[in-house]
$ cat entry09.cif   # mmCIF, C-alpha atoms and all ligand atoms
data_structure
#
loop_
_atom_site.group_PDB
_atom_site.id
_atom_site.type_symbol
_atom_site.label_atom_id
_atom_site.label_comp_id
_atom_site.auth_asym_id
_atom_site.auth_seq_id
_atom_site.Cartn_x
_atom_site.Cartn_y
_atom_site.Cartn_z
ATOM 1 C CA MET P 68 0.000 0.000 0.000
ATOM 2 C CA LEU P 69 2.798 2.417 0.871
ATOM 3 C CA GLU P 70 4.511 1.454 -2.378
ATOM 4 C CA ASP P 71 1.443 2.855 -4.122
ATOM 5 C CA LEU P 72 1.946 6.162 -2.333
ATOM 6 C CA LYS P 73 5.607 6.306 -3.343
ATOM 7 C CA ASN P 74 4.644 5.587 -6.953
ATOM 8 C CA ASN P 75 1.963 8.249 -6.784
ATOM 9 C CA ASN P 76 4.572 10.674 -5.483
ATOM 10 C CA ARG P 77 6.928 9.989 -8.395
ATOM 11 C CA ASN P 78 4.069 10.440 -10.863
ATOM 12 C CA TRP P 79 2.971 13.658 -9.180
ATOM 13 C CA ALA P 80 6.497 15.135 -9.265
ATOM 14 C CA ALA P 81 6.923 14.134 -12.924
ATOM 15 C CA GLY P 82 3.539 15.649 -13.785
ATOM 16 C CA LYS P 83 4.454 18.944 -12.163
ATOM 17 C CA ILE P 84 7.737 19.158 -14.094
ATOM 18 C CA ALA P 85 6.025 18.219 -17.362
ATOM 19 C CA VAL P 86 3.756 21.250 -17.065
ATOM 20 C CA ASP P 87 6.298 23.611 -15.503
ATOM 21 C CA PRO P 88 9.977 22.539 -15.648
ATOM 22 C CA GLY P 89 11.050 25.208 -13.117
ATOM 23 C CA PHE P 90 8.376 24.363 -10.521
ATOM 24 C CA PHE P 91 10.508 22.694 -7.839
ATOM 25 C CA LYS P 92 13.536 24.943 -8.429
ATOM 26 C CA ARG P 93 11.403 27.990 -7.674
ATOM 27 C CA LEU P 94 9.916 26.420 -4.557
ATOM 28 C CA GLU P 95 13.337 25.355 -3.336
ATOM 29 C CA ASN P 96 14.631 28.907 -3.483
ATOM 30 C CA GLN P 97 11.701 30.700 -1.948
ATOM 31 C CA GLN P 98 8.746 30.280 0.337
ATOM 32 C CA ALA P 99 6.689 33.447 0.226
ATOM 33 C CA PRO P 100 3.051 32.597 0.887
ATOM 34 C CA LYS P 101 0.664 35.496 1.385
ATOM 35 C CA TYR P 102 -1.849 33.376 3.286
ATOM 36 C CA LEU P 103 -1.994 31.420 6.515
ATOM 37 C CA TRP P 104 -4.713 28.753 6.663
ATOM 38 C CA ILE P 105 -5.834 27.552 10.073
ATOM 39 C CA GLY P 106 -8.037 24.560 9.348
ATOM 40 C CA CYS P 107 -9.313 21.240 10.661
ATOM 41 C CA SER P 108 -7.220 18.058 10.467
ATOM 42 C CA ASP P 109 -10.172 16.355 8.774
ATOM 43 C CA SER P 110 -8.813 14.483 5.748
ATOM 44 C CA ARG P 111 -11.664 15.723 3.558
ATOM 45 C CA VAL P 112 -10.480 19.325 3.751
ATOM 46 C CA PRO P 113 -7.287 19.620 1.652
ATOM 47 C CA ALA P 114 -6.282 23.233 2.217
ATOM 48 C CA ASN P 115 -4.426 24.451 -0.873
ATOM 49 C CA GLU P 116 -6.468 22.289 -3.250
ATOM 50 C CA ILE P 117 -9.771 23.885 -2.199
ATOM 51 C CA VAL P 118 -8.571 27.368 -3.046
ATOM 52 C CA GLY P 119 -6.606 26.372 -6.133
ATOM 53 C CA LEU P 120 -3.168 27.257 -4.798
ATOM 54 C CA ASP P 121 0.103 25.442 -5.363
ATOM 55 C CA PRO P 122 2.434 24.309 -2.584
ATOM 56 C CA GLY P 123 4.417 27.375 -1.527
ATOM 57 C CA GLU P 124 1.450 29.718 -1.814
ATOM 58 C CA LEU P 125 -0.391 28.798 1.383
ATOM 59 C CA PHE P 126 1.105 28.326 4.836
ATOM 60 C CA VAL P 127 -0.990 25.740 6.655
ATOM 61 C CA HIS P 128 -1.742 24.907 10.261
ATOM 62 C CA ARG P 129 -4.246 22.176 10.974
ATOM 63 C CA ASN P 130 -5.591 20.680 14.177
ATOM 64 C CA VAL P 131 -8.770 18.996 15.366
ATOM 65 C CA ALA P 132 -11.655 21.471 14.922
ATOM 66 C CA ASN P 133 -9.467 24.358 13.642
ATOM 67 C CA LEU P 134 -8.743 25.929 17.010
ATOM 68 C CA ALA P 135 -6.486 28.895 17.766
ATOM 69 C CA PRO P 136 -5.958 28.429 21.504
ATOM 70 C CA PRO P 137 -3.820 31.193 23.052
ATOM 71 C CA GLN P 138 -1.908 28.626 25.157
ATOM 72 C CA ASP P 139 -0.955 26.274 22.319
ATOM 73 C CA ALA P 140 2.756 26.573 21.498
ATOM 74 C CA ASN P 141 2.382 24.852 18.128
ATOM 75 C CA TYR P 142 -0.290 27.242 16.861
ATOM 76 C CA LEU P 143 1.469 30.274 18.370
ATOM 77 C CA SER P 144 4.772 29.357 16.706
ATOM 78 C CA VAL P 145 3.048 29.065 13.336
ATOM 79 C CA LEU P 146 1.245 32.368 13.899
ATOM 80 C CA GLN P 147 4.375 34.256 14.923
ATOM 81 C CA PHE P 148 6.429 32.873 12.029
ATOM 82 C CA SER P 149 3.660 33.649 9.532
ATOM 83 C CA VAL P 150 3.102 37.188 10.737
ATOM 84 C CA GLU P 151 6.638 38.290 11.622
ATOM 85 C CA VAL P 152 8.813 36.388 9.143
ATOM 86 C CA LEU P 153 6.618 35.454 6.168
ATOM 87 C CA LYS P 154 4.515 38.588 6.629
ATOM 88 C CA VAL P 155 1.354 36.927 5.359
ATOM 89 C CA GLU P 156 -1.398 39.375 4.413
ATOM 90 C CA HIS P 157 -4.377 37.154 5.135
ATOM 91 C CA ILE P 158 -5.122 34.582 7.817
ATOM 92 C CA MET P 159 -8.128 32.345 7.178
ATOM 93 C CA VAL P 160 -9.679 30.335 9.975
ATOM 94 C CA VAL P 161 -11.543 27.632 8.068
ATOM 95 C CA GLY P 162 -14.060 25.360 9.726
ATOM 96 C CA HIS P 163 -16.220 22.841 7.924
ATOM 97 C CA TYR P 164 -19.808 21.674 8.221
ATOM 98 C CA GLY P 165 -20.065 18.159 9.591
ATOM 99 C CA CYS P 166 -16.957 18.641 11.749
ATOM 100 C CA GLY P 167 -16.565 15.576 13.993
ATOM 101 C CA GLY P 168 -14.427 17.572 16.417
ATOM 102 C CA VAL P 169 -17.153 20.148 16.974
ATOM 103 C CA SER P 170 -19.753 17.457 17.464
ATOM 104 C CA ALA P 171 -17.501 15.462 19.832
ATOM 105 C CA ALA P 172 -17.047 18.568 21.981
ATOM 106 C CA VAL P 173 -20.702 18.615 22.933
ATOM 107 C CA ASP P 174 -22.050 15.064 22.583
ATOM 108 C CA GLY P 175 -21.326 14.182 26.220
ATOM 109 C CA LYS P 176 -19.204 11.103 25.395
ATOM 110 C CA ARG P 177 -15.787 10.695 27.017
ATOM 111 C CA ARG P 178 -12.838 10.195 24.673
ATOM 112 C CA GLY P 179 -9.807 11.220 26.748
ATOM 113 C CA LEU P 180 -7.267 13.905 25.952
ATOM 114 C CA VAL P 181 -9.215 15.260 22.999
ATOM 115 C CA ASP P 182 -12.021 16.270 25.397
ATOM 116 C CA HIS P 183 -9.597 18.778 26.929
ATOM 117 C CA TRP P 184 -8.474 19.980 23.509
ATOM 118 C CA LEU P 185 -12.114 20.578 22.527
ATOM 119 C CA HIS P 186 -12.977 22.470 25.707
ATOM 120 C CA PRO P 187 -13.027 25.911 23.975
ATOM 121 C CA ILE P 188 -15.911 24.693 21.813
ATOM 122 C CA ARG P 189 -17.958 23.834 24.892
ATOM 123 C CA GLU P 190 -17.361 27.423 26.044
ATOM 124 C CA VAL P 191 -18.615 28.749 22.691
ATOM 125 C CA CYS P 192 -21.647 26.472 22.980
ATOM 126 C CA HIS P 193 -22.363 27.742 26.483
ATOM 127 C CA ASP P 194 -21.954 31.400 25.499
ATOM 128 C CA HIS P 195 -24.498 30.986 22.676
ATOM 129 C CA LYS P 196 -26.830 28.451 24.273
ATOM 130 C CA HIS P 197 -29.985 30.540 23.723
ATOM 131 C CA GLU P 198 -29.288 31.085 20.028
ATOM 132 C CA LEU P 199 -28.472 27.395 19.557
ATOM 133 C CA ALA P 200 -31.489 26.184 21.544
ATOM 134 C CA ALA P 201 -33.795 28.265 19.330
ATOM 135 C CA LEU P 202 -32.750 26.359 16.191
ATOM 136 C CA ASP P 203 -35.019 23.675 14.750
ATOM 137 C CA ASP P 204 -32.921 20.549 14.802
ATOM 138 C CA ASP P 205 -29.592 18.991 15.738
ATOM 139 C CA ARG P 206 -28.123 19.462 12.272
ATOM 140 C CA ALA P 207 -28.879 23.214 12.313
ATOM 141 C CA ARG P 208 -27.368 23.500 15.818
ATOM 142 C CA TRP P 209 -24.259 21.606 14.702
ATOM 143 C CA ASP P 210 -23.818 23.813 11.615
ATOM 144 C CA ARG P 211 -24.237 26.981 13.654
ATOM 145 C CA LEU P 212 -21.796 25.788 16.318
ATOM 146 C CA VAL P 213 -19.244 25.175 13.541
ATOM 147 C CA GLU P 214 -19.734 28.809 12.448
ATOM 148 C CA LEU P 215 -19.640 30.198 15.980
ATOM 149 C CA ASN P 216 -16.440 28.270 16.658
ATOM 150 C CA VAL P 217 -14.799 29.790 13.572
ATOM 151 C CA ILE P 218 -15.858 33.276 14.660
ATOM 152 C CA ARG P 219 -14.420 32.703 18.157
ATOM 153 C CA GLN P 220 -11.115 31.517 16.674
ATOM 154 C CA VAL P 221 -10.989 34.579 14.395
ATOM 155 C CA LYS P 222 -11.310 36.645 17.540
ATOM 156 C CA ASN P 223 -8.530 34.668 19.252
ATOM 157 C CA VAL P 224 -6.194 35.234 16.317
ATOM 158 C CA ALA P 225 -7.071 38.935 16.098
ATOM 159 C CA GLN P 226 -6.505 39.460 19.818
ATOM 160 C CA ASP P 227 -3.125 37.742 19.809
ATOM 161 C CA ILE P 228 -0.172 39.991 20.582
ATOM 162 C CA PHE P 229 1.675 38.993 17.379
ATOM 163 C CA VAL P 230 -1.262 40.226 15.321
ATOM 164 C CA GLN P 231 -1.832 43.300 17.505
ATOM 165 C CA ASP P 232 1.874 44.218 17.208
ATOM 166 C CA ALA P 233 1.757 43.771 13.430
ATOM 167 C CA TRP P 234 -1.182 46.204 13.193
ATOM 168 C CA ALA P 235 0.569 48.657 15.533
ATOM 169 C CA SER P 236 3.575 48.681 13.200
ATOM 170 C CA GLY P 237 1.374 49.374 10.161
ATOM 171 C CA GLN P 238 1.538 45.871 8.649
ATOM 172 C CA SER P 239 -1.405 44.966 6.421
ATOM 173 C CA LEU P 240 -3.075 41.868 7.860
ATOM 174 C CA ASN P 241 -6.648 40.602 7.654
ATOM 175 C CA VAL P 242 -8.142 37.715 9.592
ATOM 176 C CA HIS P 243 -11.075 35.951 7.929
ATOM 177 C CA GLY P 244 -13.630 33.370 9.039
ATOM 178 C CA TRP P 245 -14.712 30.775 6.485
ATOM 179 C CA VAL P 246 -16.664 27.543 6.570
ATOM 180 C CA TYR P 247 -16.115 24.849 3.961
ATOM 181 C CA SER P 248 -18.895 22.533 2.881
ATOM 182 C CA ILE P 249 -17.771 18.968 2.228
ATOM 183 C CA ALA P 250 -21.118 18.371 0.502
ATOM 184 C CA ASP P 251 -20.459 20.749 -2.423
ATOM 185 C CA GLY P 252 -16.796 21.771 -2.097
ATOM 186 C CA LEU P 253 -17.632 25.438 -1.605
ATOM 187 C CA VAL P 254 -16.292 27.899 0.951
ATOM 188 C CA ARG P 255 -18.691 30.258 2.678
ATOM 189 C CA ASP P 256 -17.305 33.568 3.962
ATOM 190 C CA LEU P 257 -18.834 34.375 7.351
ATOM 191 C CA ASN P 258 -18.065 38.079 6.789
ATOM 192 C CA VAL P 259 -16.267 38.559 10.078
ATOM 193 C CA THR P 260 -13.040 39.868 8.567
ATOM 194 C CA VAL P 261 -10.887 41.764 11.016
ATOM 195 C CA GLY P 262 -8.220 44.147 9.703
ATOM 196 C CA SER P 263 -7.559 46.401 12.676
ATOM 197 C CA PRO P 264 -7.837 46.347 16.499
ATOM 198 C CA GLU P 265 -11.112 48.330 16.270
ATOM 199 C CA ASP P 266 -12.693 45.639 14.068
ATOM 200 C CA VAL P 267 -12.346 43.025 16.816
ATOM 201 C CA ASP P 268 -15.139 44.543 18.876
ATOM 202 C CA ARG P 269 -17.579 44.214 15.982
ATOM 203 C CA ILE P 270 -17.570 40.441 16.009
ATOM 204 C CA LEU P 271 -19.204 38.113 18.515
HETATM 205 ZN ZN ZN S 301 -13.314 18.936 11.496
#

$ encode --input "entry09.cif" --output "structure tokens"
Amino acid sequence: MLEDLKNNNRNWAAGKIAVDPGFFKRLENQQAPKYLWIGCSDSRVPANEIVGLDPGELFVHRNVANLAPPQDANYLSVLQFSVEVLKVEHIMVVGHYGCGGVSAAVDGKRRGLVDHWLHPIREVCHDHKHELAALDDDRARWDRLVELNVIRQVKNVAQDIFVQDAWASGQSLNVHGWVYSIADGLVRDLNVTVGSPEDVDRIL
């Protein structure tokens, strides 16, 4: 099975060179993505493919349920490097409908360590319990919680000191909240883009 993957890899590399002989040489010499993608680990959400970008054009951080927790050294390292060194211009927090992580956060079942990881989603659920309770069915509540989680993570990113310092120094940087639909392959913009410290107060 792994031999198949290695064969696929050779075919992929050959295909890239056939279309663009300088492809890997260019990548080798420079990584200058303008975008940071913070998305879910879910295997059905292939970051650069969805938005039609090549490797080298999108810096990617993925974890279960696309969280941006202010205590997580992995996420913070990616954020600092993206903002201060790569100087990305856009950060997209991208959730997806049908997210198993979001559902696991609130289904009451015990799974172990991941329950701690998903704790921020239970906080989002609690903070919006009236809005969620007013929805018709479980699927609508799940979809809305996915959106609310993305919005909360946008806020986390925007309130981070690396992002605040970048704005203070005049760097152009926008943080966006998107939700991807596995059912039709389309991204929905939640229109919660934050491009300055003042914008943060406008979102939930
Ligand atoms: Zn997910």

$ residues_near_ligand --input "entry09.cif" --ligand "ligand ZN 301 (chain S)" --cutoff "9 Å" --atoms "all atoms listed in the file" --output "list of chain:residue names"
P:Gly106, P:Cys107, P:Ser108, P:Asp109, P:Ser110, P:Arg111, P:Val112, P:Asn130, P:Val131, P:Ala132, P:Asn133, P:Gly162, P:His163, P:Tyr164, P:Gly165, P:Cys166, P:Gly167, P:Gly168, P:Val169, P:Ser170, P:Val213

$ closest_residue --input "entry09.cif" --among "P:His193, P:His243, P:Lys154, P:Arg177" --to "Gln98 of chain P" --atoms "all atoms listed in the file"
P:Lys154

$ atom_distance --input "entry09.cif" --atom1 "atom CA of Leu257 of chain P" --atom2 "atom CA of Met159 of chain P"
10.9 Å

$ closest_residue --input "entry09.cif" --among "P:Ala99, P:Val246, P:Ser239, P:Ala233" --to "Leu215 of chain P" --atoms "all atoms listed in the file"
P:Val246

$ resolve_selection --input "entry09.cif" --expression "the PyMOL selection byres (((chain P and resi 258) around 10) and not hetatm)" --output "PyMOL selection string"
chain P and resi 218+243-245+255-257+259-261+270

$ residues_around --input "entry09.cif" --residues "Arg208 of chain P" --least-positions-apart "4" --cutoff "12 Å" --atoms "all atoms listed in the file" --output "list in words"
Tyr164, Gly165, Val169, Ser170, Val173, Cys192, His195, Lys196, His197, Glu198, Leu199, Ala200, Ala201, Leu202, Asp203, Asp204, Leu212, Val213, Glu214, Leu215 and Asn216 of chain P

$ write_last_selection --input "entry09.cif" --atoms "C-alpha atoms" --output "mmCIF file, keeping the file's coordinate frame"
data_model
loop_
_atom_site.group_PDB
_atom_site.id
_atom_site.type_symbol
_atom_site.label_atom_id
_atom_site.label_comp_id
_atom_site.auth_asym_id
_atom_site.auth_seq_id
_atom_site.Cartn_x
_atom_site.Cartn_y
_atom_site.Cartn_z
ATOM 1 C CA TYR P 164 -19.808 21.674 8.221
ATOM 2 C CA GLY P 165 -20.065 18.159 9.591
ATOM 3 C CA VAL P 169 -17.153 20.148 16.974
ATOM 4 C CA SER P 170 -19.753 17.457 17.464
ATOM 5 C CA VAL P 173 -20.702 18.615 22.933
ATOM 6 C CA CYS P 192 -21.647 26.472 22.980
ATOM 7 C CA HIS P 195 -24.498 30.986 22.676
ATOM 8 C CA LYS P 196 -26.830 28.451 24.273
ATOM 9 C CA HIS P 197 -29.985 30.540 23.723
ATOM 10 C CA GLU P 198 -29.288 31.085 20.028
ATOM 11 C CA LEU P 199 -28.472 27.395 19.557
ATOM 12 C CA ALA P 200 -31.489 26.184 21.544
ATOM 13 C CA ALA P 201 -33.795 28.265 19.330
ATOM 14 C CA LEU P 202 -32.750 26.359 16.191
ATOM 15 C CA ASP P 203 -35.019 23.675 14.750
ATOM 16 C CA ASP P 204 -32.921 20.549 14.802
ATOM 17 C CA LEU P 212 -21.796 25.788 16.318
ATOM 18 C CA VAL P 213 -19.244 25.175 13.541
ATOM 19 C CA GLU P 214 -19.734 28.809 12.448
ATOM 20 C CA LEU P 215 -19.640 30.198 15.980
ATOM 21 C CA ASN P 216 -16.440 28.270 16.658
#

$ residues_around --input "entry09.cif" --residues "Ile105 of chain P" --least-positions-apart "3" --cutoff "7 Å" --atoms "all atoms listed in the file" --output "list of chain:residue names"
P:Val127, P:His128, P:Arg129, P:Asn133, P:Met159, P:Val160, P:Val161

$ atom_distance --input "entry09.cif" --atom1 "atom CA of Gly123 of chain P" --atom2 "atom CA of Lys101 of chain P"
9.4 Å

$ atom_distance --input "entry09.cif" --atom1 "atom CA of Ala207 of chain P" --atom2 "atom CA of Asp194 of chain P"
17.0 Å

$ residues_around --input "entry09.cif" --residues "segment 141-144 of chain P" --least-positions-apart "3" --cutoff "9 Å" --atoms "all atoms listed in the file" --output "number ranges by chain"
P: 105, 128-130, 134-138, 147-149, 227, 229

$ resolve_selection --input "entry09.cif" --expression "the PyMOL selection byres (((chain P and resi 240) around 9) and not hetatm)" --output "ChimeraX atom specification"
/P:150,154-158,230,233-234,238-239,241-242,261-263

$ closest_residue --input "entry09.cif" --among "P:Leu125, P:Val118, P:Val86, P:Ala171" --to "Val254 of chain P" --atoms "all atoms listed in the file"
P:Val118

$ build_atoms --input "entry09.cif" --residues "segment 219-230 of chain P" --atoms "all heavy atoms" --output "PDB file, in the frame of the given file"
ATOM      1  N   ARG P 219     -15.198  32.575  16.912  1.00  0.00           N
ATOM      2  CA  ARG P 219     -14.420  32.703  18.157  1.00  0.00           C
ATOM      3  C   ARG P 219     -12.919  32.587  17.883  1.00  0.00           C
ATOM      4  O   ARG P 219     -12.106  33.307  18.466  1.00  0.00           O
ATOM      5  CB  ARG P 219     -14.855  31.621  19.154  1.00  0.00           C
ATOM      6  CG  ARG P 219     -14.079  31.630  20.472  1.00  0.00           C
ATOM      7  CD  ARG P 219     -14.284  32.889  21.300  1.00  0.00           C
ATOM      8  NE  ARG P 219     -15.680  33.109  21.639  1.00  0.00           N
ATOM      9  CZ  ARG P 219     -16.267  32.642  22.753  1.00  0.00           C
ATOM     10  NH1 ARG P 219     -15.564  31.970  23.634  1.00  0.00           N
ATOM     11  NH2 ARG P 219     -17.539  32.890  22.993  1.00  0.00           N
ATOM     12  N   GLN P 220     -12.552  31.696  16.965  1.00  0.00           N
ATOM     13  CA  GLN P 220     -11.115  31.517  16.674  1.00  0.00           C
ATOM     14  C   GLN P 220     -10.570  32.730  15.908  1.00  0.00           C
ATOM     15  O   GLN P 220      -9.417  33.118  16.098  1.00  0.00           O
ATOM     16  CB  GLN P 220     -10.863  30.215  15.890  1.00  0.00           C
ATOM     17  CG  GLN P 220     -11.408  28.949  16.552  1.00  0.00           C
ATOM     18  CD  GLN P 220     -11.117  28.842  18.041  1.00  0.00           C
ATOM     19  OE1 GLN P 220      -9.991  29.119  18.482  1.00  0.00           O
ATOM     20  NE2 GLN P 220     -12.107  28.469  18.833  1.00  0.00           N
ATOM     21  N   VAL P 221     -11.397  33.329  15.060  1.00  0.00           N
ATOM     22  CA  VAL P 221     -10.989  34.579  14.395  1.00  0.00           C
ATOM     23  C   VAL P 221     -10.660  35.622  15.456  1.00  0.00           C
ATOM     24  O   VAL P 221      -9.653  36.338  15.389  1.00  0.00           O
ATOM     25  CB  VAL P 221     -12.101  35.090  13.453  1.00  0.00           C
ATOM     26  CG1 VAL P 221     -11.841  36.534  13.022  1.00  0.00           C
ATOM     27  CG2 VAL P 221     -12.207  34.193  12.222  1.00  0.00           C
ATOM     28  N   LYS P 222     -11.515  35.681  16.457  1.00  0.00           N
ATOM     29  CA  LYS P 222     -11.310  36.645  17.540  1.00  0.00           C
ATOM     30  C   LYS P 222     -10.010  36.339  18.302  1.00  0.00           C
ATOM     31  O   LYS P 222      -9.235  37.241  18.619  1.00  0.00           O
ATOM     32  CB  LYS P 222     -12.507  36.594  18.494  1.00  0.00           C
ATOM     33  CG  LYS P 222     -12.623  37.807  19.372  1.00  0.00           C
ATOM     34  CD  LYS P 222     -14.002  37.896  19.993  1.00  0.00           C
ATOM     35  CE  LYS P 222     -14.145  39.225  20.713  1.00  0.00           C
ATOM     36  NZ  LYS P 222     -15.480  39.457  21.227  1.00  0.00           N
ATOM     37  N   ASN P 223      -9.773  35.064  18.581  1.00  0.00           N
ATOM     38  CA  ASN P 223      -8.530  34.668  19.252  1.00  0.00           C
ATOM     39  C   ASN P 223      -7.310  35.134  18.471  1.00  0.00           C
ATOM     40  O   ASN P 223      -6.370  35.696  19.032  1.00  0.00           O
ATOM     41  CB  ASN P 223      -8.444  33.136  19.389  1.00  0.00           C
ATOM     42  CG  ASN P 223      -9.248  32.611  20.564  1.00  0.00           C
ATOM     43  OD1 ASN P 223      -9.826  33.382  21.311  1.00  0.00           O
ATOM     44  ND2 ASN P 223      -9.292  31.295  20.708  1.00  0.00           N
ATOM     45  N   VAL P 224      -7.338  34.861  17.153  1.00  0.00           N
ATOM     46  CA  VAL P 224      -6.194  35.234  16.317  1.00  0.00           C
ATOM     47  C   VAL P 224      -6.018  36.752  16.349  1.00  0.00           C
ATOM     48  O   VAL P 224      -4.914  37.271  16.536  1.00  0.00           O
ATOM     49  CB  VAL P 224      -6.384  34.748  14.861  1.00  0.00           C
ATOM     50  CG1 VAL P 224      -5.275  35.282  13.961  1.00  0.00           C
ATOM     51  CG2 VAL P 224      -6.439  33.219  14.794  1.00  0.00           C
ATOM     52  N   ALA P 225      -7.136  37.474  16.181  1.00  0.00           N
ATOM     53  CA  ALA P 225      -7.071  38.935  16.098  1.00  0.00           C
ATOM     54  C   ALA P 225      -6.603  39.565  17.412  1.00  0.00           C
ATOM     55  O   ALA P 225      -5.992  40.628  17.403  1.00  0.00           O
ATOM     56  CB  ALA P 225      -8.439  39.490  15.709  1.00  0.00           C
ATOM     57  N   GLN P 226      -6.897  38.899  18.522  1.00  0.00           N
ATOM     58  CA  GLN P 226      -6.505  39.460  19.818  1.00  0.00           C
ATOM     59  C   GLN P 226      -5.095  39.049  20.233  1.00  0.00           C
ATOM     60  O   GLN P 226      -4.585  39.516  21.248  1.00  0.00           O
ATOM     61  CB  GLN P 226      -7.509  39.031  20.894  1.00  0.00           C
ATOM     62  CG  GLN P 226      -8.844  39.760  20.739  1.00  0.00           C
ATOM     63  CD  GLN P 226      -9.872  39.333  21.757  1.00  0.00           C
ATOM     64  OE1 GLN P 226      -9.923  38.169  22.141  1.00  0.00           O
ATOM     65  NE2 GLN P 226     -10.703  40.263  22.192  1.00  0.00           N
ATOM     66  N   ASP P 227      -4.470  38.188  19.445  1.00  0.00           N
ATOM     67  CA  ASP P 227      -3.125  37.742  19.809  1.00  0.00           C
ATOM     68  C   ASP P 227      -2.122  38.887  19.690  1.00  0.00           C
ATOM     69  O   ASP P 227      -2.242  39.739  18.812  1.00  0.00           O
ATOM     70  CB  ASP P 227      -2.694  36.591  18.894  1.00  0.00           C
ATOM     71  CG  ASP P 227      -1.461  35.922  19.463  1.00  0.00           C
ATOM     72  OD1 ASP P 227      -0.343  36.406  19.160  1.00  0.00           O
ATOM     73  OD2 ASP P 227      -1.616  34.972  20.236  1.00  0.00           O
ATOM     74  N   ILE P 228      -1.132  38.872  20.572  1.00  0.00           N
ATOM     75  CA  ILE P 228      -0.172  39.991  20.582  1.00  0.00           C
ATOM     76  C   ILE P 228       0.652  40.074  19.291  1.00  0.00           C
ATOM     77  O   ILE P 228       1.029  41.166  18.875  1.00  0.00           O
ATOM     78  CB  ILE P 228       0.791  39.949  21.796  1.00  0.00           C
ATOM     79  CG1 ILE P 228       1.414  38.571  21.943  1.00  0.00           C
ATOM     80  CG2 ILE P 228       0.090  40.391  23.069  1.00  0.00           C
ATOM     81  CD1 ILE P 228       2.582  38.560  22.916  1.00  0.00           C
ATOM     82  N   PHE P 229       0.911  38.934  18.633  1.00  0.00           N
ATOM     83  CA  PHE P 229       1.675  38.993  17.379  1.00  0.00           C
ATOM     84  C   PHE P 229       0.885  39.778  16.327  1.00  0.00           C
ATOM     85  O   PHE P 229       1.447  40.569  15.569  1.00  0.00           O
ATOM     86  CB  PHE P 229       1.979  37.588  16.845  1.00  0.00           C
ATOM     87  CG  PHE P 229       2.759  36.732  17.810  1.00  0.00           C
ATOM     88  CD1 PHE P 229       2.351  35.429  18.085  1.00  0.00           C
ATOM     89  CD2 PHE P 229       3.893  37.219  18.441  1.00  0.00           C
ATOM     90  CE1 PHE P 229       3.064  34.626  18.971  1.00  0.00           C
ATOM     91  CE2 PHE P 229       4.606  36.434  19.332  1.00  0.00           C
ATOM     92  CZ  PHE P 229       4.188  35.130  19.598  1.00  0.00           C
ATOM     93  N   VAL P 230      -0.409  39.542  16.287  1.00  0.00           N
ATOM     94  CA  VAL P 230      -1.262  40.226  15.321  1.00  0.00           C
ATOM     95  C   VAL P 230      -1.445  41.691  15.732  1.00  0.00           C
ATOM     96  O   VAL P 230      -1.350  42.605  14.901  1.00  0.00           O
ATOM     97  CB  VAL P 230      -2.621  39.495  15.201  1.00  0.00           C
ATOM     98  CG1 VAL P 230      -3.599  40.298  14.367  1.00  0.00           C
ATOM     99  CG2 VAL P 230      -2.410  38.106  14.611  1.00  0.00           C
TER     100      VAL P 230
END
